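Below is one structure, written out as structure tokens; comments come after it.
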Amino acid sequence: MIKNKKEPPISDHYFSSSPQSEANYGLVRAKFFGRSFEFITASSVFSKRRIDTGTQLLIESMILPEEGSVLDIGCGYGAVGITAATLNAKLQVYLTDVNARAVDLAKKNVERNRVFNAHTRHGYLYEPVKDLKFDCILSNPPVSAGMETVKAIITGAPKIMRSNAVFEMVIRSKIGAKLFPTLFTETFGNYTVTARGSGFRVLTGKNSKN
């Protein structure tokens with residue numbers, strides 16, 4: 001694999017739709033639930049050098065349905081969605097991201113890890129999957145994109161969730177300590193903290209409005 005030394009410009013963030021910098025590739029290896037994974041990564045995609053702490057907490061604590069469909073929104077190079085699809089072959093898992101480079105990497109990583117029940121789509125927030133309904137939505141949100149984007153991920157979720165579907169989001173405990181619980185309560189009626197660790201927590205809400 002060719003590694004380019006040129007670094008991306010500061011403005012070329014991981015939430016850019018079409019990163020313009022040359023791709024500086026890498027490879028991350030990880031093990032979850034006794035299974036080994038390999039993920040091709042690249043510059044201008046979130047957490048290129050390792051599985052970040054928040055993503056790891058979300059993966060290790062995610063509550064998956066026995067069957068049905070799962071959405072990994074803001075998938076990056078695909079660690080969360082690919083792990084979910086690997087753990088349960090009965091699920092159909094969709095991985096979406098606004099970053100075209102991230103979606104391309106996620107597609108490559110689906111193939112690299114020999115996952116047959118995962119699908120990648122490119123687009124902003126829920127637009128790529130507006131034709132679908134989900135039993136579970138997983139999110140490590142792009143906080144650097146701004147709180148309005150994160151708010152839209154939370155408040156827009158019920159539109160594509162089946163009745164009793166769950167929404168699981170990992171956040172930094174010190175960021176939005178009051179805002180996120182308020183948004184979850186307003187959107188889902190209530191929420192639970194299903195995991196904590198290393199300055200992060202996973203908030204889970206259930207859709208009971210449909």
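Naming scheme: A, B, ... for chains in displayed order of the structure tokens; residues 1 onward per chain; ligands 1 onward as shown.
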
* To do: Just the residues within 9 Å of Tyr94 of chain A, please, counting only C-alpha atoms, with nothing from its chain fewer than 3 positions along; format it as a list in words.
  =>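 Returned residues: Ser69, Val70, Leu71, Asp72, Ile73, Gly81, Asn117, Ala118, His119, Thr120, Arg121 and Val129 of chain A.
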
Write a file of the just-selected residues containing N, CA, C and O atoms, as a short mmCIF file (atom, residue, chain, number, x, y, z; two decimals), in the first residue's frame.
data_model
loop_
_atom_site.label_atom_id
_atom_site.label_comp_id
_atom_site.auth_asym_id
_atom_site.auth_seq_id
_atom_site.Cartn_x
_atom_site.Cartn_y
_atom_site.Cartn_z
N SER A 69 -32.65 -4.48 10.83
CA SER A 69 -31.70 -3.60 10.16
C SER A 69 -31.07 -2.63 11.15
O SER A 69 -31.71 -2.16 12.10
N VAL A 70 -29.81 -2.30 10.88
CA VAL A 70 -29.02 -1.42 11.74
C VAL A 70 -28.37 -0.35 10.88
O VAL A 70 -27.93 -0.62 9.76
N LEU A 71 -28.31 0.88 11.40
CA LEU A 71 -27.64 1.98 10.71
C LEU A 71 -26.45 2.46 11.52
O LEU A 71 -26.58 2.76 12.70
N ASP A 72 -25.30 2.55 10.87
CA ASP A 72 -24.11 3.20 11.44
C ASP A 72 -23.99 4.53 10.71
O ASP A 72 -23.47 4.61 9.61
N ILE A 73 -24.48 5.61 11.35
CA ILE A 73 -24.49 6.92 10.71
C ILE A 73 -23.20 7.66 11.05
O ILE A 73 -22.78 7.70 12.19
N GLY A 81 -20.07 -0.34 12.14
CA GLY A 81 -21.01 -1.10 11.33
C GLY A 81 -20.49 -2.47 10.93
O GLY A 81 -21.25 -3.45 10.92
N ASN A 117 -23.31 -8.83 4.83
CA ASN A 117 -24.60 -8.25 5.19
C ASN A 117 -24.46 -6.77 5.56
O ASN A 117 -25.22 -6.23 6.36
N ALA A 118 -23.47 -6.10 4.97
CA ALA A 118 -23.25 -4.67 5.21
C ALA A 118 -23.29 -3.92 3.87
O ALA A 118 -22.79 -4.42 2.86
N HIS A 119 -23.85 -2.71 3.90
CA HIS A 119 -24.05 -1.93 2.69
C HIS A 119 -23.63 -0.49 2.96
O HIS A 119 -23.95 0.07 4.01
N THR A 120 -22.93 0.13 2.02
CA THR A 120 -22.46 1.50 2.20
C THR A 120 -23.25 2.47 1.31
O THR A 120 -23.59 2.14 0.17
N ARG A 121 -23.52 3.67 1.85
CA ARG A 121 -24.19 4.72 1.10
C ARG A 121 -23.58 6.07 1.46
O ARG A 121 -23.23 6.31 2.61
N VAL A 129 -30.60 7.07 3.46
CA VAL A 129 -31.41 5.93 3.89
C VAL A 129 -32.85 6.34 4.21
O VAL A 129 -33.54 5.67 4.98
#

Per residue of segment 98-143 of chain A within 12 Å of segment 34-42 of chain A, record the nearest atom pair and its distance in Å to one decimal, counting only C-alpha atoms, with rows in chain order and ascending residue number, as a tab-separated table.
residue	atom	partner	partner_atom	distance
A:Asn99	CA	A:Ala42	CA	11.8
A:Ala100	CA	A:Ala42	CA	11.8
A:Arg101	CA	A:Ala42	CA	8.2
A:Ala102	CA	A:Ala42	CA	8.2
A:Val103	CA	A:Thr41	CA	10.9
A:Asp104	CA	A:Ile40	CA	10.1
A:Leu105	CA	A:Ile40	CA	6.4
A:Ala106	CA	A:Phe39	CA	8.2
A:Lys107	CA	A:Ile40	CA	10.0
A:Lys108	CA	A:Ile40	CA	7.5
A:Asn109	CA	A:Phe39	CA	5.6
A:Val110	CA	A:Phe39	CA	8.9
A:Glu111	CA	A:Phe39	CA	10.3
A:Arg112	CA	A:Glu38	CA	7.3
A:Asn113	CA	A:Phe37	CA	6.5
A:Arg114	CA	A:Phe37	CA	9.9
A:Val115	CA	A:Phe37	CA	10.8

Residues just named, written with N, CA and C atoms as a PDB file, in the first residue's frame:
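Produced file out-v6.pdb, reproduced below:
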ATOM      1  N   ASN A  99     -18.751  12.067   4.064  1.00  0.00           N
ATOM      2  CA  ASN A  99     -17.395  12.087   3.515  1.00  0.00           C
ATOM      3  C   ASN A  99     -17.243  10.967   2.484  1.00  0.00           C
ATOM      4  N   ALA A 100     -17.098  11.326   1.216  1.00  0.00           N
ATOM      5  CA  ALA A 100     -17.008  10.327   0.149  1.00  0.00           C
ATOM      6  C   ALA A 100     -15.800   9.413   0.330  1.00  0.00           C
ATOM      7  N   ARG A 101     -14.697   9.948   0.824  1.00  0.00           N
ATOM      8  CA  ARG A 101     -13.512   9.120   1.057  1.00  0.00           C
ATOM      9  C   ARG A 101     -13.782   8.085   2.146  1.00  0.00           C
ATOM     10  N   ALA A 102     -14.494   8.490   3.187  1.00  0.00           N
ATOM     11  CA  ALA A 102     -14.838   7.557   4.258  1.00  0.00           C
ATOM     12  C   ALA A 102     -15.704   6.417   3.732  1.00  0.00           C
ATOM     13  N   VAL A 103     -16.691   6.747   2.906  1.00  0.00           N
ATOM     14  CA  VAL A 103     -17.575   5.719   2.358  1.00  0.00           C
ATOM     15  C   VAL A 103     -16.798   4.753   1.473  1.00  0.00           C
ATOM     16  N   ASP A 104     -15.856   5.276   0.699  1.00  0.00           N
ATOM     17  CA  ASP A 104     -15.021   4.419  -0.138  1.00  0.00           C
ATOM     18  C   ASP A 104     -14.187   3.469   0.715  1.00  0.00           C
ATOM     19  N   LEU A 105     -13.639   3.978   1.811  1.00  0.00           N
ATOM     20  CA  LEU A 105     -12.870   3.129   2.727  1.00  0.00           C
ATOM     21  C   LEU A 105     -13.763   2.092   3.388  1.00  0.00           C
ATOM     22  N   ALA A 106     -14.952   2.516   3.814  1.00  0.00           N
ATOM     23  CA  ALA A 106     -15.873   1.572   4.450  1.00  0.00           C
ATOM     24  C   ALA A 106     -16.229   0.438   3.495  1.00  0.00           C
ATOM     25  N   LYS A 107     -16.442   0.775   2.230  1.00  0.00           N
ATOM     26  CA  LYS A 107     -16.747  -0.258   1.232  1.00  0.00           C
ATOM     27  C   LYS A 107     -15.579  -1.230   1.090  1.00  0.00           C
ATOM     28  N   LYS A 108     -14.372  -0.693   1.030  1.00  0.00           N
ATOM     29  CA  LYS A 108     -13.185  -1.558   0.943  1.00  0.00           C
ATOM     30  C   LYS A 108     -13.052  -2.437   2.183  1.00  0.00           C
ATOM     31  N   ASN A 109     -13.366  -1.874   3.342  1.00  0.00           N
ATOM     32  CA  ASN A 109     -13.225  -2.627   4.584  1.00  0.00           C
ATOM     33  C   ASN A 109     -14.306  -3.686   4.752  1.00  0.00           C
ATOM     34  N   VAL A 110     -15.489  -3.428   4.211  1.00  0.00           N
ATOM     35  CA  VAL A 110     -16.522  -4.471   4.173  1.00  0.00           C
ATOM     36  C   VAL A 110     -16.000  -5.678   3.407  1.00  0.00           C
ATOM     37  N   GLU A 111     -15.384  -5.420   2.266  1.00  0.00           N
ATOM     38  CA  GLU A 111     -14.831  -6.507   1.452  1.00  0.00           C
ATOM     39  C   GLU A 111     -13.631  -7.139   2.135  1.00  0.00           C
ATOM     40  N   ARG A 112     -12.764  -6.323   2.732  1.00  0.00           N
ATOM     41  CA  ARG A 112     -11.542  -6.832   3.357  1.00  0.00           C
ATOM     42  C   ARG A 112     -11.861  -7.785   4.516  1.00  0.00           C
ATOM     43  N   ASN A 113     -12.914  -7.457   5.263  1.00  0.00           N
ATOM     44  CA  ASN A 113     -13.293  -8.280   6.408  1.00  0.00           C
ATOM     45  C   ASN A 113     -14.332  -9.344   6.066  1.00  0.00           C
ATOM     46  N   ARG A 114     -14.609  -9.476   4.774  1.00  0.00           N
ATOM     47  CA  ARG A 114     -15.492 -10.526   4.262  1.00  0.00           C
ATOM     48  C   ARG A 114     -16.863 -10.495   4.933  1.00  0.00           C
ATOM     49  N   VAL A 115     -17.443  -9.307   4.933  1.00  0.00           N
ATOM     50  CA  VAL A 115     -18.770  -9.113   5.502  1.00  0.00           C
ATOM     51  C   VAL A 115     -19.781  -9.066   4.361  1.00  0.00           C
TER      52      VAL A 115
END

* Per DSSP on the backbone, what are the helix (DSSP H, G or I) residues of chain A, as number ranges by chain? -> A: 53-61, 79-87, 100-112, 127-129, 143-145, 147-160, 179-188

* To do: Mind the document's chain letters and residue numbers, and return as a PyMOL selection string the residues of segment 38-108 of chain A that DSSP labels strand (DSSP E).
  => chain A and resi 38-42+68-73+91-97

Return as JSON lines the residues of segment 12-128 of chain A lying at most 12 Å from segment 152-165 of chain A, together with the closest atom-to-atom pair for each and the distance in Å to one decimal, counting only C-alpha atoms, with rows in chain order and ascending residue number.
{"residue": "A:Ile63", "atom": "CA", "partner": "A:Ala165", "partner_atom": "CA", "distance": 10.7}
{"residue": "A:Leu64", "atom": "CA", "partner": "A:Ala165", "partner_atom": "CA", "distance": 10.0}
{"residue": "A:Pro65", "atom": "CA", "partner": "A:Ala165", "partner_atom": "CA", "distance": 8.6}
{"residue": "A:Glu66", "atom": "CA", "partner": "A:Ala165", "partner_atom": "CA", "distance": 11.9}
{"residue": "A:Glu67", "atom": "CA", "partner": "A:Ala165", "partner_atom": "CA", "distance": 11.6}
{"residue": "A:Gly68", "atom": "CA", "partner": "A:Arg162", "partner_atom": "CA", "distance": 10.0}
{"residue": "A:Ser69", "atom": "CA", "partner": "A:Arg162", "partner_atom": "CA", "distance": 9.7}
{"residue": "A:Val70", "atom": "CA", "partner": "A:Ala165", "partner_atom": "CA", "distance": 9.6}
{"residue": "A:Leu71", "atom": "CA", "partner": "A:Met161", "partner_atom": "CA", "distance": 9.8}
{"residue": "A:Asp72", "atom": "CA", "partner": "A:Ile153", "partner_atom": "CA", "distance": 11.4}
{"residue": "A:Ile73", "atom": "CA", "partner": "A:Ile153", "partner_atom": "CA", "distance": 8.4}
{"residue": "A:Gly74", "atom": "CA", "partner": "A:Ile153", "partner_atom": "CA", "distance": 9.5}
{"residue": "A:Asp97", "atom": "CA", "partner": "A:Ile153", "partner_atom": "CA", "distance": 11.9}
{"residue": "A:Tyr124", "atom": "CA", "partner": "A:Ile153", "partner_atom": "CA", "distance": 10.1}
{"residue": "A:Leu125", "atom": "CA", "partner": "A:Ile153", "partner_atom": "CA", "distance": 6.6}
{"residue": "A:Tyr126", "atom": "CA", "partner": "A:Gly156", "partner_atom": "CA", "distance": 7.6}
{"residue": "A:Glu127", "atom": "CA", "partner": "A:Ile160", "partner_atom": "CA", "distance": 10.3}
{"residue": "A:Pro128", "atom": "CA", "partner": "A:Ile160", "partner_atom": "CA", "distance": 11.2}

Could the residues in this selection be saved with all heavy atoms as a CSV table (one decimal), in the first residue's frame?
chain,number,residue,atom,x,y,z
A,63,ILE,N,-26.0,-2.5,21.8
A,63,ILE,CA,-27.1,-3.4,22.0
A,63,ILE,C,-27.7,-3.6,20.6
A,63,ILE,O,-28.3,-2.7,20.1
A,63,ILE,CB,-28.1,-2.9,23.0
A,63,ILE,CG1,-27.4,-2.6,24.4
A,63,ILE,CG2,-29.3,-3.9,23.2
A,63,ILE,CD1,-28.3,-1.8,25.3
A,64,LEU,N,-27.5,-4.8,20.1
A,64,LEU,CA,-28.0,-5.1,18.7
A,64,LEU,C,-29.3,-6.0,18.8
A,64,LEU,O,-29.4,-6.8,19.6
A,64,LEU,CB,-26.9,-5.8,17.9
A,64,LEU,CG,-25.6,-5.1,17.7
A,64,LEU,CD1,-24.6,-6.0,17.1
A,64,LEU,CD2,-25.8,-3.8,16.9
A,65,PRO,N,-30.2,-5.7,17.8
A,65,PRO,CA,-31.4,-6.6,17.7
A,65,PRO,C,-31.0,-8.0,17.3
A,65,PRO,O,-29.9,-8.2,16.7
A,65,PRO,CB,-32.2,-5.9,16.7
A,65,PRO,CG,-31.3,-5.1,15.9
A,65,PRO,CD,-30.1,-4.7,16.8
A,66,GLU,N,-31.8,-8.9,17.5
A,66,GLU,CA,-31.6,-10.3,17.1
A,66,GLU,C,-31.7,-10.4,15.6
A,66,GLU,O,-31.0,-11.3,15.0
A,66,GLU,CB,-32.6,-11.3,17.8
A,66,GLU,CG,-32.4,-11.4,19.3
A,66,GLU,CD,-33.3,-12.4,19.9
A,66,GLU,OE1,-34.0,-13.1,19.2
A,66,GLU,OE2,-33.3,-12.5,21.1
A,67,GLU,N,-32.5,-9.6,15.0
A,67,GLU,CA,-32.6,-9.6,13.5
A,67,GLU,C,-33.2,-8.2,13.1
A,67,GLU,O,-33.6,-7.4,14.0
A,67,GLU,CB,-33.6,-10.7,13.0
A,67,GLU,CG,-35.0,-10.6,13.6
A,67,GLU,CD,-35.8,-11.8,13.2
A,67,GLU,OE1,-35.2,-12.7,12.5
A,67,GLU,OE2,-37.0,-11.8,13.4
A,68,GLY,N,-33.2,-7.9,11.8
A,68,GLY,CA,-33.7,-6.6,11.4
A,68,GLY,C,-32.5,-5.8,10.7
A,68,GLY,O,-31.6,-6.4,10.2
A,69,SER,N,-32.7,-4.5,10.8
A,69,SER,CA,-31.7,-3.6,10.2
A,69,SER,C,-31.1,-2.6,11.2
A,69,SER,O,-31.7,-2.2,12.1
A,69,SER,CB,-32.4,-2.8,9.0
A,69,SER,OG,-33.5,-2.1,9.5
A,70,VAL,N,-29.8,-2.3,10.9
A,70,VAL,CA,-29.0,-1.4,11.7
A,70,VAL,C,-28.4,-0.3,10.9
A,70,VAL,O,-27.9,-0.6,9.8
A,70,VAL,CB,-27.9,-2.2,12.5
A,70,VAL,CG1,-27.0,-1.3,13.3
A,70,VAL,CG2,-28.6,-3.2,13.4
A,71,LEU,N,-28.3,0.9,11.4
A,71,LEU,CA,-27.6,2.0,10.7
A,71,LEU,C,-26.5,2.5,11.5
A,71,LEU,O,-26.6,2.8,12.7
A,71,LEU,CB,-28.6,3.1,10.5
A,71,LEU,CG,-28.0,4.4,9.9
A,71,LEU,CD1,-27.4,4.2,8.6
A,71,LEU,CD2,-29.0,5.6,9.9
A,72,ASP,N,-25.3,2.5,10.9
A,72,ASP,CA,-24.1,3.2,11.4
A,72,ASP,C,-24.0,4.5,10.7
A,72,ASP,O,-23.5,4.6,9.6
A,72,ASP,CB,-22.9,2.3,11.2
A,72,ASP,CG,-21.6,3.0,11.7
A,72,ASP,OD1,-21.7,4.1,12.3
A,72,ASP,OD2,-20.5,2.4,11.4
A,73,ILE,N,-24.5,5.6,11.3
A,73,ILE,CA,-24.5,6.9,10.7
A,73,ILE,C,-23.2,7.7,11.0
A,73,ILE,O,-22.8,7.7,12.2
A,73,ILE,CB,-25.7,7.7,11.1
A,73,ILE,CG1,-25.7,9.1,10.4
A,73,ILE,CG2,-25.8,7.9,12.6
A,73,ILE,CD1,-27.0,9.9,10.5
A,74,GLY,N,-22.6,8.2,10.0
A,74,GLY,CA,-21.2,8.8,10.2
A,74,GLY,C,-20.2,7.7,10.4
A,74,GLY,O,-19.4,7.7,11.4
A,97,ASP,N,-22.0,8.0,5.4
A,97,ASP,CA,-21.2,9.1,5.8
A,97,ASP,C,-21.3,10.2,4.7
A,97,ASP,O,-21.5,9.9,3.6
A,97,ASP,CB,-19.7,8.7,6.0
A,97,ASP,CG,-18.9,9.6,6.9
A,97,ASP,OD1,-18.7,10.8,6.6
A,97,ASP,OD2,-18.5,9.1,8.0
A,124,TYR,N,-25.6,13.1,3.2
A,124,TYR,CA,-25.7,13.9,4.4
A,124,TYR,C,-26.7,13.3,5.4
A,124,TYR,O,-27.9,13.2,5.0
A,124,TYR,CB,-25.9,15.3,4.1
A,124,TYR,CG,-26.0,16.3,5.3
A,124,TYR,CD1,-24.9,16.5,6.0
A,124,TYR,CD2,-27.2,16.9,5.6
A,124,TYR,CE1,-24.9,17.4,7.1
A,124,TYR,CE2,-27.2,17.8,6.7
A,124,TYR,CZ,-26.1,18.0,7.4
A,124,TYR,OH,-26.2,18.9,8.5
A,125,LEU,N,-26.3,13.1,6.6
A,125,LEU,CA,-27.3,12.7,7.7
A,125,LEU,C,-28.1,11.5,7.2
A,125,LEU,O,-27.6,10.5,6.7
A,125,LEU,CB,-28.1,13.8,8.2
A,125,LEU,CG,-27.3,15.0,8.8
A,125,LEU,CD1,-28.3,16.1,9.3
A,125,LEU,CD2,-26.5,14.5,10.0
A,126,TYR,N,-29.4,11.6,7.3
A,126,TYR,CA,-30.3,10.5,7.0
A,126,TYR,C,-30.8,10.4,5.5
A,126,TYR,O,-31.5,9.5,5.1
A,126,TYR,CB,-31.5,10.5,7.9
A,126,TYR,CG,-31.1,10.3,9.3
A,126,TYR,CD1,-31.3,11.3,10.3
A,126,TYR,CD2,-30.6,9.1,9.8
A,126,TYR,CE1,-30.9,11.1,11.6
A,126,TYR,CE2,-30.2,8.9,11.1
A,126,TYR,CZ,-30.4,9.9,12.0
A,126,TYR,OH,-30.0,9.8,13.3
A,127,GLU,N,-30.3,11.3,4.7
A,127,GLU,CA,-30.7,11.4,3.3
A,127,GLU,C,-30.5,10.1,2.5
A,127,GLU,O,-31.3,9.6,1.8
A,127,GLU,CB,-30.0,12.6,2.6
A,127,GLU,CG,-30.5,12.8,1.2
A,127,GLU,CD,-31.9,13.2,1.0
A,127,GLU,OE1,-32.5,13.8,2.0
A,127,GLU,OE2,-32.5,13.0,-0.1
A,128,PRO,N,-29.3,9.4,2.7
A,128,PRO,CA,-29.0,8.2,2.0
A,128,PRO,C,-29.9,7.0,2.3
A,128,PRO,O,-30.0,6.1,1.5
A,128,PRO,CB,-27.6,7.9,2.3
A,128,PRO,CG,-27.0,9.1,2.9
A,128,PRO,CD,-28.2,9.8,3.6

* At what distance in Å, to one decimal, does atom CA of Arg172 of chain A lie from atom CA of Lys31 of chain A? -> 22.8 Å

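Using only C-alpha atoms for every distance, the candidate list A:Leu183, A:Ala30, A:Ile51, A:Ile82 yields A:Ile82 as the residue closest to Leu138 of chain A.
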